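Novice: Please see the structure below; I have some questions.
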Amino acid sequence: MAEHNDTPAPAGFKKVTEGKATILFPDTNEVFYNPIQEFNRDISIAAIRTWDEIFQEERSARLTEKKARREANAAKRAQEGLEPLPEKEYPEGVDPTAPRGITILEALSASGLRSIRYAKEIPNVKHILTNDLEADAVASIKRNADFNGISSDLLQPHKGDAIDVLYQHRDPLKRYDVIDLDPYGTASPFIDGAVQAVSDGGLLCVTCTDLGVLAGSNYTETCFAKYGGHPVKADFCHEVALRLVLSTLSTSAARYKRHIVPMVSLSIDYYLRVFVRVYSSAAEVKMVASKTCLAYVCSGCQSTYTQSLGKISESAKGNKKFGVNTGPPVDQHCEHCGSKFHVAGPMWGKELHSVAFIERMLKHVKDASALYKTQPRILGMLSVCKEEIEAPFYYTANGLSGTVHCTSIPLLKVISALLHQGYEVSGSHACQGSIKTNALPSALWDIMRSWVKLNPVKNVKPQSPAGRILAVEPKTIADFEMHPGAKSESRKNNLVRYQMNPTKNWGPQARAGGGNKRKA
């Protein structure tokens, strides 16, 4: 249960308790508290704790392996009559394989609530640098840290420009194990510094709230300027938004011989939240082009095809050769409806999540039910993420029906038809009623043609996308009988898979007073 602070609030303040933290919220518009963001903070704590367990295990394994090599080398030297090489000495009682305290940098902190929760709810934290540009925000951080009994050694309030702070910690000896970017709007100005300032194997947590840019079609020039890629007008625009952000992280890291591995990539309410590990490896950086793709999206029926920018060929000896891919994978006009294609990207073309990471994260959240108020939603969203297949993008049952102007096809009937034909199918956490599948668009349109034969449509213009699609006879008649695997485990278990709007007029709320202030 949350540890409530019974100390009365000073004059001019009111108390707000979240998790184990109680912050003093000013009556003035110094910073503001957005309760909708509690889910963001809950899932961030769960992700960091899960990463920390893995990070410590990896470190212990490396040290154990190193010790074994030293012992083998010492035995070999003894056989040869040589003195053993000197070893690094540790103070008495110090076990180098014991868990090492982690460091966290929160670059845009506002009230300090997130850092205070990290300090009180993540057991292995050694130091947190809690930064904000505004003097009022830094004063709020100090006040709330003191109110929660947190020492300055554990949580250090810091006033500075987030970009400057990140660049000041690029040296490998000054890097932070976890870097958290949670700005009001885009994170793009901070990404270049963040991918350099996070430790090797560390965790980078990034929020972007500018979905009007990332998932819309009215600001394509702004999206390209910020993220180096174009968005798309399609049902799956929120997945494209995730992939654009991951691509920005990937290409930014590659400049410094580093690469990313996504752990969890989430489209939540009005924002995106991604958790990626960052590693240093010149060899892996060579793979970046092949992990980056363009998407060709039909403007009439949303049939979609992807094309990776780079290709890798391997010789008989296992040597890799890197080159430019050939393309495009489509003609100028869509083979199904005759419409032209829009091009989206470049964007991240590989997996959005690590299933192994999500499984450990789910176990932690289930075992820590008293810690997370938003536990039902965390379990639901992560379960859907775990079920997602790696095929890029998704369709929706309503979107498919709308394209051919027919009676809405039930979601489970589309899923069953695909499963009967041997295709992989899942939902997407980014959209209710979504269908991720490795089936080609031709298979989906055959399913819709089969559905229309059972549910005829009227007044379809022959030259419209619907008319062109329905003019073709299906090569395979779909089987709409319920497939045993049509219902996912998350659906069977009645998990909270998709969040309902929590309040009227909900959303990111207005920016706090002052041009550079951040949300709590």
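A note on labels: chains of the structure tokens are A, B, ... as shown, every chain counts residues from 1, and ligands are counted from 1 in their shown order.
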Need to verify the contact set: Glu390 of chain A, 12 Å, only C-alpha atoms, exclusion of same-chain residues closer than 5 positions in sequence. Can you return it as a list of chain:residue names?

Specialist: A:Gly349, A:Lys350, A:Glu351, A:Leu352, A:His353, A:Ser354, A:Val355, A:Cys385, A:Glu424, A:Val425, A:Ser426, A:Gly427, A:Ser428, A:Lys436, A:Thr437, A:Asn438

Novice: List as a ChimeraX atom specification the protein and nucleic acid residues near segment 202-207 of chain A, meaning an atom at most 7 Å away when only C-alpha atoms are counted, but skip any in the same chain fewer than 5 places from it.

Specialist: /A:177-183,187,271-278

Novice: Residues of segment 323-440 of chain A within 10 Å of segment 209-224 of chain A: nearest atom pair and distance (Å, one decimal) for each, counting only C-alpha atoms, sorted by chain and number, as a Markdown table?

Specialist:
```
| residue | atom | partner | partner_atom | distance |
| --- | --- | --- | --- | --- |
| A:Ala344 | CA | A:Thr220 | CA | 9.8 |
| A:Gly345 | CA | A:Phe224 | CA | 8.7 |
| A:Pro346 | CA | A:Phe224 | CA | 9.4 |
```

Novice: Of the residues A:Ala253, A:Leu63, A:Ile312, A:Leu246, which is the one nearest to Ala197 of chain A, using only C-alpha atoms?

Specialist: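 Ranked by minimum distance to Ala197 of chain A, first place goes to A:Ala253.
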
Novice: Using only C-alpha atoms, which residues sit within 9 Å of Glu489 of chain A once same-chain residues fewer than 6 positions away are excluded, as an MDAnalysis selection string?

Specialist: chainID A and resid 383:384 387 495

Novice: Can those selected residues be exported to a file as a CSV table (one decimal), in the first residue's frame so that it contains N, CA and C atoms?

Specialist:
```
chain,number,residue,atom,x,y,z
A,383,SER,N,0.0,-7.6,-21.7
A,383,SER,CA,-0.4,-8.9,-22.2
A,383,SER,C,-0.7,-8.8,-23.7
A,384,VAL,N,-1.4,-7.7,-24.1
A,384,VAL,CA,-1.6,-7.6,-25.6
A,384,VAL,C,-0.3,-7.4,-26.3
A,387,GLU,N,1.3,-10.6,-26.9
A,387,GLU,CA,0.7,-11.4,-27.9
A,387,GLU,C,0.9,-11.0,-29.3
A,495,LEU,N,-9.0,-9.2,-19.4
A,495,LEU,CA,-8.1,-8.1,-18.9
A,495,LEU,C,-8.5,-6.8,-19.5
```

Novice: Grab the atom CA of Gly399 of chain A to atom CA of Gly327 of chain A distance for me, in Å with one decimal place.

Specialist: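 Separation between atom CA of Gly399 of chain A and atom CA of Gly327 of chain A: 27.7 Å.
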
Novice: Do you have the atom CA of Arg360 of chain A-atom CA of Ile389 of chain A distance handy?

Specialist: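 Those two atoms sit 18.3 Å apart.
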
Novice: Could you tell me which of A:Ser434, A:Ser339, A:Gln307, A:Ser199 comes closest to Asp235 of chain A if we count only C-alpha atoms?

Specialist: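 The closest residue to Asp235 of chain A is A:Ser434.
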
Novice: Between atom CA of Arg497 of chain A and atom CA of Ser115 of chain A, what distance in Å does the model show, to one decimal?

Specialist: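 Computed distance, atom CA of Arg497 of chain A to atom CA of Ser115 of chain A, equals 27.8 Å.
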